[in-house]
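A quick write-up on the structure given underneath.
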Amino acid sequence: MMRTESLRTKRNWYDLGIRLNSNAIIILLMGFFLARTNILNKLTPFGFAFLLAYIVMKGVKVSLLLSVLIGTFTFQGLAGVSYGISCILVFSFFALIKEEKTYSLVKSILIGTSIFIISRSFGLIMEKTFFIYDLFLIIFEGIVVFTMSYVFSFSLPIERVSSTSINNEKTISSFITLALALSGISNMGILGVGIKNAVSVIIILFLGYNQGALFGGTSGMILGMVSYISNPEMPFIIGIFGIAGLLAGVFRDLGKSGSALGFFLGNGIMSFYINGLGTSFLSYREIIISTLIFFLVSNKTNSKISNIFTLDSSIKKDYSLKRDEIVVKKLNRMVELFENLSATFKESAQERDCHSAKQVYSLVDGIVNGICNKCPRYNICWEKNYYNTYQNFFNLVGKVEIKGIDNESVLLGAKKFCIKDEEIIDIIDRAVEKLKLTQTWEVKLKENRLLMSEQLEGISKVIGNMTTDIYSNPIFNKDLEQTLYKDLKNKRIDVRDVSVAQIGQEDFDIFIDLNTSMLEENKLKSIVSESLKFPVVGDNYLVNQGSQVKRFKLLRHNRFSAMTKIASAANSENKISGDSYTYGEIENTHFSALSDGMGIGRKAKEESKVAIALLERLMEANIDKNLTLKTINSVLRAKSNEEIFTTLDLAFIDLYSGKLQMIKTGAPSTFIRKKDRVEIISSRTLPVGLLKDIEFNIYEEYVEDGDIIVMVSDGILDANRDIANQEAWMKDFIMNIDSINPQTIANMIIKESQNTLSNTKDDMTVLVTKVWKNV
């Protein structure tokens with residue numbers, strides 16, 4: 001039992017240590033010292049403002065409330081009761097509504113400020129005597145609370161700085177917060193060394209050495225102005241700290257000693273300028289001790305300071321040049337490999353056919369060895385008359401190849417020099433057929449080599465494009481980032497970081513890191529859309545960055561949307577349609593495809609199914625459209641010895657630009673119904689799989705709001721063979737359909753074709769795509 005209690009006690013202390021991490025300790029210290037920071041030696045509104053900012057952005061924290069109360073009473077004594085009451089009231093108010101963040105940042109701060117003014121006024125009224133001047137002071141304190149609460153909500157340690165520019169409000173707010181906290185230290189000292197002066201010198205040395213002259217000088221001026229605002233010598237201190245911090249950053253290339261030297265020089269120059277040969281406002285003991293502390297702890301804290309004041313977005317780190325260069329080098333090697341393989345296959349496929357004559361000679365030798373060796377006339381034919389006999393056989397092979405064994409001239413030619421004419425012709429015929437089959441497969445092998453060469457070349461281009469995309473560094477739009485950050489903060493969203501990567505003129509990738517996992521994506525999209533004045537959509541990209549941080553990726557919403565519906569009817573006896581289709585959306589492009597296999601039934605289905613399946617896979621790999629069609633054509637030709645072909649009708653719609661691309665190979669006409677007319681897109685190309693080289697037409701135009709694209713298979717138009725112009729018949733019918741529902745239109749076209757069916761058994765399929773403009 002005792003051992004269990006001991007372990008439990010150790011665990012409790014361990015949990016307490018985990019909870020009291022460095023950030024929590026800093027927050028408590030900041031709350032304590034800010035509560036001691038005063039104006040006119042009697043007003044202390046800064047502790048309440050810091051507590052309010054933390055509650056609004058992070059939530060209630062009892063330890064911070066206690067820290068602020070202790071800091072207030074150590075400075076004010078019993079006079080700080082009204083401050084303590086206001087802190088407890090604002091803590092209680094937001095603790096009750098912590099589940100409902102219905103107030104924006106500004107409204108929340110206004111509510112907290114109102115609580116502060118009311119509680120302070122009530123405390124003033126409870127006193128026996130008060131003056132109008134005291135009411136004015138309370139109103140002034142309220143203004144300070146409102147202003148500083150807003151400043152604190154953007155500052156360390158409540159928020160990370162994450163900035164490379166001193167103009168960023170988060171950086172300035174952090175320096176102001178730090179300076180006010182130092183002011184709360186007041187005149188506390190150890191062994192004659194003022195803590196406020198020493199800490200100020202250490203901070204200026206750290207920032208000058210770590211971040212350069214800009215941060216060193218700026219931090220010096222802000223610390224001098226805010227921390228010593230009630231000191232009559234404040235202007236001189238600003239000058240000393242500013243110049244000393246500036247020179248500390250200038251001399252940082254010489255190392256830590258250089259930054260320390262720069263601070264000494266800056267302090268000496270300004271002190272001599274102000275006091276002549278008099279003493280400095282900073283004692284040399286304070287400067288020396290601060291410098292020694294800087295030397296002792298700079299190695300351990302330097303990286304931490306860099307992490308605070310440098311860009312902390314992992315999205316921007318993903319585009320670092322070093323990593324890109326490594327990846328690009330490897331990809332370029334792959335490009336070279338595939339290009340070399342492509343060239344090798346192309347050279348082997350383009351070699352001249354130098355084996356056909358040898359094959360004929362080998363064929364003749366085989367016949368001689370198989371039949372003539374046992375013939376009684378062998379000596380006469382092959383020993384006495386070798387050249388004539390060989391020539392006769394060679395000519396006979398040519399005649400059989402051209403005219404076949406049933407031709408009379410072939411038989412007469414064989415009888416002139418051979419007594420086994422019929423047997424010879426039969427053997428030659430079988431050998432010639434075998435030779436033809438071999439040559440057929442050699443031709444297909446060459447075609448496949450060319451196909452492989454083209455595919456490898458296409459893969460090398462895809463990889464090459466990847467390297468180009470890697471080097472096309474996006475522009476991070478800082479204006480949009482700051483706008484989004486401010487609006488999210490104003491909505492009291494606990495945002496950690498915002499990155500807006502702009503690719504091209506109007507394409508945006510928006511990454512938002514939140515310190516909470518409770519926010520719904522729809523609410524976030526609504527806020528971002530309202531802020532940016534254009535709609536955004538999620539990209540199904542949610543990544544947990546640790547236990548608390550969640551990242552959302554948002555994209556600019558497409559200008560257009562599209563929806564495809566289908567209707568189909570099989571006219572074969574086994575009710576299997578030979579038409580195949582697909583539709584969907586890939587990378588902001590809506591596509592639809594229709595393939596009509598040769599004939600009807602299962603065989604036609606297999607042909608069109610192969611074409612559609614290949615199309616889907618090649619599109620997923622982002623292969624060039626030209627290479628995609630060539631690949632489908634070659635695969636269909638190599639799939640079987642029989643003649644296999646199928647039509648392909650493709651439509652691609654860029655949902656952002658509204659550009660429509662239609663590619664047809666042997667497909668019937670496509671109809672586009674506009675608001676006042678119907679356009680016809682026709683093609684006279686052959687189906688894929690029929691010839692070695694494929695031909696196709698590309699039709700391009702821009703769609704409009706409400707356009708309806710109708711793609712049909714051959715069975716739809718062939719249903720009405722009794723009229724001369726089938727396209728005009730279908731055009732008029734589509735124009736007169738009183739519906740904008742794509743499914744209704746597809747069903748009506750199928751029904752009309754079936755009603756006008758005139759002795760045809762072809763399958764019928766209709767794909768109807770409706771396009772509309774997003775609001």
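The chains in the structure tokens are called A, B, ... from first to last as shown; in each chain the residues are counted from 1, and the ligands are counted from 1 in the order shown.
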
- Query: Gly194 of chain A: which residues within 12 Å, counting only C-alpha atoms, same-chain residues fewer than 6 positions away excluded, as a VMD selection string?
  - Reply: chain A and resid 182 to 183 185 to 188 200 to 201 281 to 287 289 to 290

- Item | Residues within 12 Å of Leu64 of chain A, only C-alpha atoms, excluding chain neighbours under 4 positions, as a VMD selection string | chain A and resid 20 24 to 35 47 to 48 50 to 55 58 to 60 68 to 71 87 to 88 91

- Grab the atom CA of Gly584 of chain A to atom CA of Ser460 of chain A distance for me, in Å with one decimal place. 26.4 Å

Would you pick out the contacts of segment 138-150 of chain A at 9 Å or less, using only C-alpha atoms, so that residues sharing its chain but fewer than 4 positions from it are not included, and give the list as a CSV table (one decimal) with all heavy atoms, in the first residue's frame?
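Saved file part29.csv follows:
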```
chain,number,residue,atom,x,y,z
A,43,LEU,N,-2.1,53.4,-11.3
A,43,LEU,CA,-3.0,52.7,-12.1
A,43,LEU,C,-2.3,51.5,-12.7
A,43,LEU,O,-1.2,51.5,-13.2
A,43,LEU,CB,-3.5,53.6,-13.3
A,43,LEU,CG,-4.1,54.9,-13.0
A,43,LEU,CD1,-4.5,55.7,-14.2
A,43,LEU,CD2,-5.4,54.7,-12.1
A,44,THR,N,-3.0,50.3,-12.5
A,44,THR,CA,-2.4,49.0,-13.0
A,44,THR,C,-3.4,48.2,-13.8
A,44,THR,O,-3.9,47.2,-13.4
A,44,THR,CB,-1.9,48.2,-11.8
A,44,THR,OG1,-3.0,48.0,-10.9
A,44,THR,CG2,-0.8,48.8,-11.0
A,45,PRO,N,-3.7,48.7,-15.0
A,45,PRO,CA,-4.7,48.0,-15.9
A,45,PRO,C,-4.1,46.9,-16.7
A,45,PRO,O,-4.8,46.1,-17.3
A,45,PRO,CB,-5.2,49.1,-16.8
A,45,PRO,CG,-4.0,50.0,-17.0
A,45,PRO,CD,-3.2,50.0,-15.7
A,46,PHE,N,-2.7,46.7,-16.8
A,46,PHE,CA,-2.1,45.8,-17.7
A,46,PHE,C,-2.3,44.4,-17.4
A,46,PHE,O,-2.4,43.5,-18.2
A,46,PHE,CB,-0.6,46.2,-17.9
A,46,PHE,CG,-0.4,47.6,-18.4
A,46,PHE,CD1,0.0,48.5,-17.5
A,46,PHE,CD2,-0.6,47.9,-19.7
A,46,PHE,CE1,0.3,49.8,-17.9
A,46,PHE,CE2,-0.3,49.2,-20.1
A,46,PHE,CZ,0.1,50.2,-19.3
A,48,PHE,N,-4.9,43.0,-15.9
A,48,PHE,CA,-6.3,42.7,-16.3
A,48,PHE,C,-6.4,42.5,-17.8
A,48,PHE,O,-7.0,41.6,-18.3
A,48,PHE,CB,-7.3,43.7,-15.8
A,48,PHE,CG,-8.7,43.5,-16.3
A,48,PHE,CD1,-9.5,42.8,-15.5
A,48,PHE,CD2,-9.1,44.0,-17.5
A,48,PHE,CE1,-10.9,42.5,-15.9
A,48,PHE,CE2,-10.4,43.7,-17.9
A,48,PHE,CZ,-11.3,43.0,-17.1
A,49,ALA,N,-5.7,43.4,-18.5
A,49,ALA,CA,-5.7,43.3,-20.0
A,49,ALA,C,-5.1,42.0,-20.5
A,49,ALA,O,-5.6,41.3,-21.4
A,49,ALA,CB,-5.0,44.5,-20.6
A,50,PHE,N,-4.0,41.6,-19.9
A,50,PHE,CA,-3.3,40.3,-20.3
A,50,PHE,C,-4.2,39.1,-20.0
A,50,PHE,O,-4.3,38.2,-20.8
A,50,PHE,CB,-2.0,40.2,-19.6
A,50,PHE,CG,-1.1,39.1,-20.0
A,50,PHE,CD1,-0.4,39.1,-21.2
A,50,PHE,CD2,-1.1,37.9,-19.2
A,50,PHE,CE1,0.3,38.0,-21.6
A,50,PHE,CE2,-0.4,36.8,-19.6
A,50,PHE,CZ,0.3,36.8,-20.8
A,51,LEU,N,-4.8,39.2,-18.8
A,51,LEU,CA,-5.7,38.1,-18.4
A,51,LEU,C,-6.9,38.0,-19.4
A,51,LEU,O,-7.3,36.9,-19.8
A,51,LEU,CB,-6.2,38.3,-17.0
A,51,LEU,CG,-7.3,37.3,-16.5
A,51,LEU,CD1,-6.7,35.9,-16.4
A,51,LEU,CD2,-7.8,37.7,-15.1
A,52,LEU,N,-7.5,39.1,-19.7
A,52,LEU,CA,-8.6,39.2,-20.7
A,52,LEU,C,-8.2,38.6,-22.0
A,52,LEU,O,-8.9,37.8,-22.7
A,52,LEU,CB,-9.1,40.6,-20.8
A,52,LEU,CG,-10.2,40.8,-21.8
A,52,LEU,CD1,-11.5,40.0,-21.5
A,52,LEU,CD2,-10.6,42.3,-21.9
A,53,ALA,N,-7.0,39.0,-22.5
A,53,ALA,CA,-6.5,38.6,-23.8
A,53,ALA,C,-6.3,37.1,-23.8
A,53,ALA,O,-6.7,36.4,-24.8
A,53,ALA,CB,-5.2,39.3,-24.2
A,54,TYR,N,-5.8,36.5,-22.8
A,54,TYR,CA,-5.5,35.1,-22.7
A,54,TYR,C,-6.9,34.3,-22.6
A,54,TYR,O,-7.0,33.3,-23.3
A,54,TYR,CB,-4.7,34.7,-21.5
A,54,TYR,CG,-4.2,33.3,-21.5
A,54,TYR,CD1,-3.0,32.9,-22.0
A,54,TYR,CD2,-5.0,32.3,-21.0
A,54,TYR,CE1,-2.6,31.6,-22.1
A,54,TYR,CE2,-4.6,31.0,-21.0
A,54,TYR,CZ,-3.4,30.6,-21.5
A,54,TYR,OH,-3.0,29.3,-21.6
A,105,LEU,N,-13.6,38.8,-31.5
A,105,LEU,CA,-12.5,39.2,-30.7
A,105,LEU,C,-12.8,40.6,-30.1
A,105,LEU,O,-12.6,40.9,-28.9
A,105,LEU,CB,-11.2,39.2,-31.5
A,105,LEU,CG,-9.9,39.8,-30.8
A,105,LEU,CD1,-9.6,39.0,-29.5
A,105,LEU,CD2,-8.7,39.9,-31.7
A,106,VAL,N,-13.2,41.5,-31.0
A,106,VAL,CA,-13.4,42.9,-30.6
A,106,VAL,C,-14.6,43.0,-29.6
A,106,VAL,O,-14.5,43.7,-28.5
A,106,VAL,CB,-13.7,43.8,-31.8
A,106,VAL,CG1,-14.1,45.2,-31.4
A,106,VAL,CG2,-12.5,43.8,-32.7
A,109,ILE,N,-13.5,41.7,-26.2
A,109,ILE,CA,-12.7,42.6,-25.5
A,109,ILE,C,-13.5,43.8,-25.0
A,109,ILE,O,-13.3,44.3,-23.8
A,109,ILE,CB,-11.5,43.2,-26.4
A,109,ILE,CG1,-10.6,42.0,-26.7
A,109,ILE,CG2,-10.8,44.3,-25.7
A,109,ILE,CD1,-9.5,42.4,-27.6
A,110,LEU,N,-14.6,44.2,-25.7
A,110,LEU,CA,-15.5,45.3,-25.3
A,110,LEU,C,-16.2,44.8,-24.0
A,110,LEU,O,-16.4,45.6,-23.1
A,110,LEU,CB,-16.4,45.6,-26.4
A,110,LEU,CG,-15.9,46.6,-27.5
A,110,LEU,CD1,-16.9,46.7,-28.6
A,110,LEU,CD2,-15.6,47.9,-26.9
A,112,GLY,N,-15.2,42.5,-21.8
A,112,GLY,CA,-14.3,42.5,-20.7
A,112,GLY,C,-14.0,43.9,-20.2
A,112,GLY,O,-13.9,44.2,-19.0
A,113,THR,N,-13.8,44.9,-21.2
A,113,THR,CA,-13.5,46.3,-20.8
A,113,THR,C,-14.7,46.9,-20.0
A,113,THR,O,-14.5,47.6,-19.0
A,113,THR,CB,-13.2,47.1,-22.0
A,113,THR,OG1,-12.2,46.5,-22.8
A,113,THR,CG2,-12.9,48.5,-21.7
A,114,SER,N,-15.9,46.5,-20.4
A,114,SER,CA,-17.1,47.0,-19.7
A,114,SER,C,-17.2,46.5,-18.3
A,114,SER,O,-17.5,47.2,-17.3
A,114,SER,CB,-18.4,46.6,-20.5
A,114,SER,OG,-18.4,47.1,-21.8
A,116,PHE,N,-14.6,45.7,-16.5
A,116,PHE,CA,-13.5,46.4,-15.8
A,116,PHE,C,-14.0,47.8,-15.3
A,116,PHE,O,-13.8,48.1,-14.2
A,116,PHE,CB,-12.3,46.5,-16.7
A,116,PHE,CG,-11.2,47.2,-16.1
A,116,PHE,CD1,-10.3,46.6,-15.2
A,116,PHE,CD2,-11.0,48.6,-16.3
A,116,PHE,CE1,-9.2,47.3,-14.6
A,116,PHE,CE2,-9.9,49.3,-15.8
A,116,PHE,CZ,-9.1,48.7,-14.9
A,117,ILE,N,-14.6,48.5,-16.3
A,117,ILE,CA,-15.0,49.9,-15.9
A,117,ILE,C,-16.1,49.9,-14.9
A,117,ILE,O,-16.1,50.7,-13.9
A,117,ILE,CB,-15.5,50.6,-17.2
A,117,ILE,CG1,-14.3,50.8,-18.2
A,117,ILE,CG2,-16.1,51.9,-16.9
A,117,ILE,CD1,-14.7,51.4,-19.5
A,120,ARG,N,-14.5,48.8,-11.5
A,120,ARG,CA,-13.7,49.9,-10.9
A,120,ARG,C,-14.5,51.1,-10.5
A,120,ARG,O,-14.2,51.7,-9.4
A,120,ARG,CB,-12.7,50.3,-12.0
A,120,ARG,CG,-11.6,49.3,-12.2
A,120,ARG,CD,-10.5,49.4,-11.2
A,120,ARG,NE,-9.7,50.6,-11.3
A,120,ARG,CZ,-9.4,51.5,-10.4
A,120,ARG,NH1,-9.9,51.3,-9.2
A,120,ARG,NH2,-8.7,52.5,-10.6
A,121,SER,N,-15.6,51.4,-11.2
A,121,SER,CA,-16.5,52.5,-10.8
A,121,SER,C,-17.2,52.2,-9.5
A,121,SER,O,-17.4,53.0,-8.7
A,121,SER,CB,-17.4,52.8,-12.0
A,121,SER,OG,-16.8,53.1,-13.1
A,133,TYR,N,-12.3,63.7,-11.5
A,133,TYR,CA,-11.0,63.3,-12.1
A,133,TYR,C,-10.8,61.8,-12.0
A,133,TYR,O,-10.2,61.2,-12.9
A,133,TYR,CB,-9.9,64.1,-11.4
A,133,TYR,CG,-8.5,63.7,-11.8
A,133,TYR,CD1,-8.0,64.1,-13.0
A,133,TYR,CD2,-7.7,62.9,-11.0
A,133,TYR,CE1,-6.7,63.7,-13.4
A,133,TYR,CE2,-6.4,62.5,-11.3
A,133,TYR,CZ,-5.9,62.9,-12.6
A,133,TYR,OH,-4.7,62.5,-13.0
A,134,ASP,N,-11.2,61.2,-10.9
A,134,ASP,CA,-11.1,59.8,-10.7
A,134,ASP,C,-11.9,59.0,-11.7
A,134,ASP,O,-11.5,57.9,-12.2
A,134,ASP,CB,-11.5,59.4,-9.3
A,134,ASP,CG,-10.6,60.0,-8.2
A,134,ASP,OD1,-9.4,60.0,-8.5
A,134,ASP,OD2,-11.1,60.3,-7.1
A,154,PHE,N,-2.1,39.4,-29.9
A,154,PHE,CA,-1.3,39.1,-31.1
A,154,PHE,C,0.2,38.9,-30.7
A,154,PHE,O,1.0,38.8,-31.5
A,154,PHE,CB,-1.3,40.3,-32.1
A,154,PHE,CG,-2.6,40.3,-32.8
A,154,PHE,CD1,-3.7,41.0,-32.4
A,154,PHE,CD2,-2.7,39.7,-34.1
A,154,PHE,CE1,-4.9,41.1,-33.1
A,154,PHE,CE2,-3.9,39.7,-34.8
A,154,PHE,CZ,-5.0,40.4,-34.3
A,177,THR,N,4.7,44.0,-25.2
A,177,THR,CA,4.3,43.1,-24.1
A,177,THR,C,5.5,42.9,-23.2
A,177,THR,O,5.5,43.0,-22.0
A,177,THR,CB,3.7,41.8,-24.6
A,177,THR,OG1,2.6,42.0,-25.4
A,177,THR,CG2,3.3,40.9,-23.4
```

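If you look at atom CA of Gly666 of chain A and atom CA of Glu587 of chain A, they are 27.6 Å away from each other.
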
- Message: So that I can check the surroundings of Trp382 of chain A, please list as an NGL selection string every protein, DNA and RNA residue that reaches within 12 Å of it, counting only C-alpha atoms and ignoring chain neighbours fewer than 2 positions away.
- Response: :A and (365 or 368-369 or 372-373 or 375-380 or 384-393 or 417-418)

Using N, CA, C and O atoms, can you export the residues from the last selection as a PDB file, in the first residue's frame?
```pdb
ATOM      1  N   ASP A 365      15.208 -24.720 -98.670  1.00  0.00           N
ATOM      2  CA  ASP A 365      16.123 -25.761 -98.189  1.00  0.00           C
ATOM      3  C   ASP A 365      15.381 -26.794 -97.367  1.00  0.00           C
ATOM      4  O   ASP A 365      15.683 -28.005 -97.419  1.00  0.00           O
ATOM      5  N   VAL A 368      13.582 -29.170 -99.798  1.00  0.00           N
ATOM      6  CA  VAL A 368      14.547 -30.052-100.474  1.00  0.00           C
ATOM      7  C   VAL A 368      14.989 -31.172 -99.539  1.00  0.00           C
ATOM      8  O   VAL A 368      15.016 -32.353 -99.904  1.00  0.00           O
ATOM      9  N   ASN A 369      15.297 -30.807 -98.312  1.00  0.00           N
ATOM     10  CA  ASN A 369      15.775 -31.809 -97.360  1.00  0.00           C
ATOM     11  C   ASN A 369      14.669 -32.774 -96.956  1.00  0.00           C
ATOM     12  O   ASN A 369      14.937 -33.936 -96.607  1.00  0.00           O
ATOM     13  N   CYS A 372      12.937 -33.907-101.518  1.00  0.00           N
ATOM     14  CA  CYS A 372      13.790 -34.196-102.681  1.00  0.00           C
ATOM     15  C   CYS A 372      14.887 -35.232-102.389  1.00  0.00           C
ATOM     16  O   CYS A 372      15.345 -35.946-103.297  1.00  0.00           O
ATOM     17  N   ASN A 373      15.332 -35.351-101.154  1.00  0.00           N
ATOM     18  CA  ASN A 373      16.386 -36.319-100.834  1.00  0.00           C
ATOM     19  C   ASN A 373      15.942 -37.754-101.110  1.00  0.00           C
ATOM     20  O   ASN A 373      16.765 -38.625-101.428  1.00  0.00           O
ATOM     21  N   CYS A 375      13.699 -38.524-103.447  1.00  0.00           N
ATOM     22  CA  CYS A 375      13.146 -38.589-104.814  1.00  0.00           C
ATOM     23  C   CYS A 375      14.173 -39.233-105.768  1.00  0.00           C
ATOM     24  O   CYS A 375      15.370 -38.917-105.695  1.00  0.00           O
ATOM     25  N   PRO A 376      13.727 -40.119-106.688  1.00  0.00           N
ATOM     26  CA  PRO A 376      14.663 -40.756-107.642  1.00  0.00           C
ATOM     27  C   PRO A 376      15.286 -39.754-108.610  1.00  0.00           C
ATOM     28  O   PRO A 376      16.317 -40.035-109.211  1.00  0.00           O
ATOM     29  N   ARG A 377      14.707 -38.592-108.805  1.00  0.00           N
ATOM     30  CA  ARG A 377      15.243 -37.594-109.731  1.00  0.00           C
ATOM     31  C   ARG A 377      16.151 -36.577-109.016  1.00  0.00           C
ATOM     32  O   ARG A 377      16.467 -35.520-109.539  1.00  0.00           O
ATOM     33  N   TYR A 378      16.551 -36.869-107.776  1.00  0.00           N
ATOM     34  CA  TYR A 378      17.350 -35.933-106.986  1.00  0.00           C
ATOM     35  C   TYR A 378      18.653 -35.569-107.683  1.00  0.00           C
ATOM     36  O   TYR A 378      19.019 -34.397-107.761  1.00  0.00           O
ATOM     37  N   ASN A 379      19.335 -36.597-108.265  1.00  0.00           N
ATOM     38  CA  ASN A 379      20.610 -36.321-108.927  1.00  0.00           C
ATOM     39  C   ASN A 379      20.426 -35.437-110.137  1.00  0.00           C
ATOM     40  O   ASN A 379      21.252 -34.545-110.414  1.00  0.00           O
ATOM     41  N   ILE A 380      19.377 -35.701-110.896  1.00  0.00           N
ATOM     42  CA  ILE A 380      19.129 -34.898-112.104  1.00  0.00           C
ATOM     43  C   ILE A 380      18.823 -33.448-111.737  1.00  0.00           C
ATOM     44  O   ILE A 380      19.328 -32.508-112.362  1.00  0.00           O
ATOM     45  N   LYS A 384      22.893 -32.152-111.331  1.00  0.00           N
ATOM     46  CA  LYS A 384      23.163 -31.754-112.712  1.00  0.00           C
ATOM     47  C   LYS A 384      22.541 -30.413-113.056  1.00  0.00           C
ATOM     48  O   LYS A 384      23.043 -29.691-113.925  1.00  0.00           O
ATOM     49  N   ASN A 385      21.430 -30.063-112.434  1.00  0.00           N
ATOM     50  CA  ASN A 385      20.707 -28.845-112.810  1.00  0.00           C
ATOM     51  C   ASN A 385      20.344 -28.024-111.558  1.00  0.00           C
ATOM     52  O   ASN A 385      19.195 -27.628-111.365  1.00  0.00           O
ATOM     53  N   TYR A 386      21.325 -27.786-110.718  1.00  0.00           N
ATOM     54  CA  TYR A 386      21.093 -27.178-109.393  1.00  0.00           C
ATOM     55  C   TYR A 386      20.486 -25.780-109.481  1.00  0.00           C
ATOM     56  O   TYR A 386      19.468 -25.476-108.857  1.00  0.00           O
ATOM     57  N   TYR A 387      21.084 -24.875-110.265  1.00  0.00           N
ATOM     58  CA  TYR A 387      20.646 -23.473-110.287  1.00  0.00           C
ATOM     59  C   TYR A 387      19.243 -23.310-110.854  1.00  0.00           C
ATOM     60  O   TYR A 387      18.428 -22.534-110.338  1.00  0.00           O
ATOM     61  N   ASN A 388      18.924 -24.060-111.936  1.00  0.00           N
ATOM     62  CA  ASN A 388      17.580 -23.971-112.526  1.00  0.00           C
ATOM     63  C   ASN A 388      16.517 -24.495-111.558  1.00  0.00           C
ATOM     64  O   ASN A 388      15.426 -23.919-111.412  1.00  0.00           O
ATOM     65  N   THR A 389      16.842 -25.632-110.885  1.00  0.00           N
ATOM     66  CA  THR A 389      15.881 -26.206-109.945  1.00  0.00           C
ATOM     67  C   THR A 389      15.617 -25.248-108.766  1.00  0.00           C
ATOM     68  O   THR A 389      14.482 -25.036-108.337  1.00  0.00           O
ATOM     69  N   TYR A 390      16.697 -24.643-108.263  1.00  0.00           N
ATOM     70  CA  TYR A 390      16.546 -23.723-107.128  1.00  0.00           C
ATOM     71  C   TYR A 390      15.705 -22.512-107.520  1.00  0.00           C
ATOM     72  O   TYR A 390      14.833 -22.047-106.770  1.00  0.00           O
ATOM     73  N   GLN A 391      15.948 -22.037-108.771  1.00  0.00           N
ATOM     74  CA  GLN A 391      15.190 -20.878-109.249  1.00  0.00           C
ATOM     75  C   GLN A 391      13.713 -21.224-109.434  1.00  0.00           C
ATOM     76  O   GLN A 391      12.832 -20.425-109.119  1.00  0.00           O
ATOM     77  N   ASN A 392      13.467 -22.456-109.940  1.00  0.00           N
ATOM     78  CA  ASN A 392      12.067 -22.883-110.118  1.00  0.00           C
ATOM     79  C   ASN A 392      11.329 -22.952-108.784  1.00  0.00           C
ATOM     80  O   ASN A 392      10.179 -22.534-108.658  1.00  0.00           O
ATOM     81  N   PHE A 393      12.002 -23.504-107.769  1.00  0.00           N
ATOM     82  CA  PHE A 393      11.381 -23.556-106.434  1.00  0.00           C
ATOM     83  C   PHE A 393      11.126 -22.146-105.882  1.00  0.00           C
ATOM     84  O   PHE A 393      10.083 -21.865-105.292  1.00  0.00           O
ATOM     85  N   PHE A 417       8.724 -29.086-113.681  1.00  0.00           N
ATOM     86  CA  PHE A 417      10.066 -29.475-113.218  1.00  0.00           C
ATOM     87  C   PHE A 417      10.032 -30.507-112.086  1.00  0.00           C
ATOM     88  O   PHE A 417      11.090 -30.929-111.612  1.00  0.00           O
ATOM     89  N   CYS A 418       8.822 -30.920-111.613  1.00  0.00           N
ATOM     90  CA  CYS A 418       8.780 -31.831-110.458  1.00  0.00           C
ATOM     91  C   CYS A 418       7.721 -32.903-110.676  1.00  0.00           C
ATOM     92  O   CYS A 418       6.602 -32.608-111.120  1.00  0.00           O
TER      93      CYS A 418
END
```

- Query: What's the 8 Å shell around Ser561 of chain A, counting only C-alpha atoms, without same-chain residues fewer than 3 positions away, as a ChimeraX atom specification?
  - Reply: /A:558,655,771-774
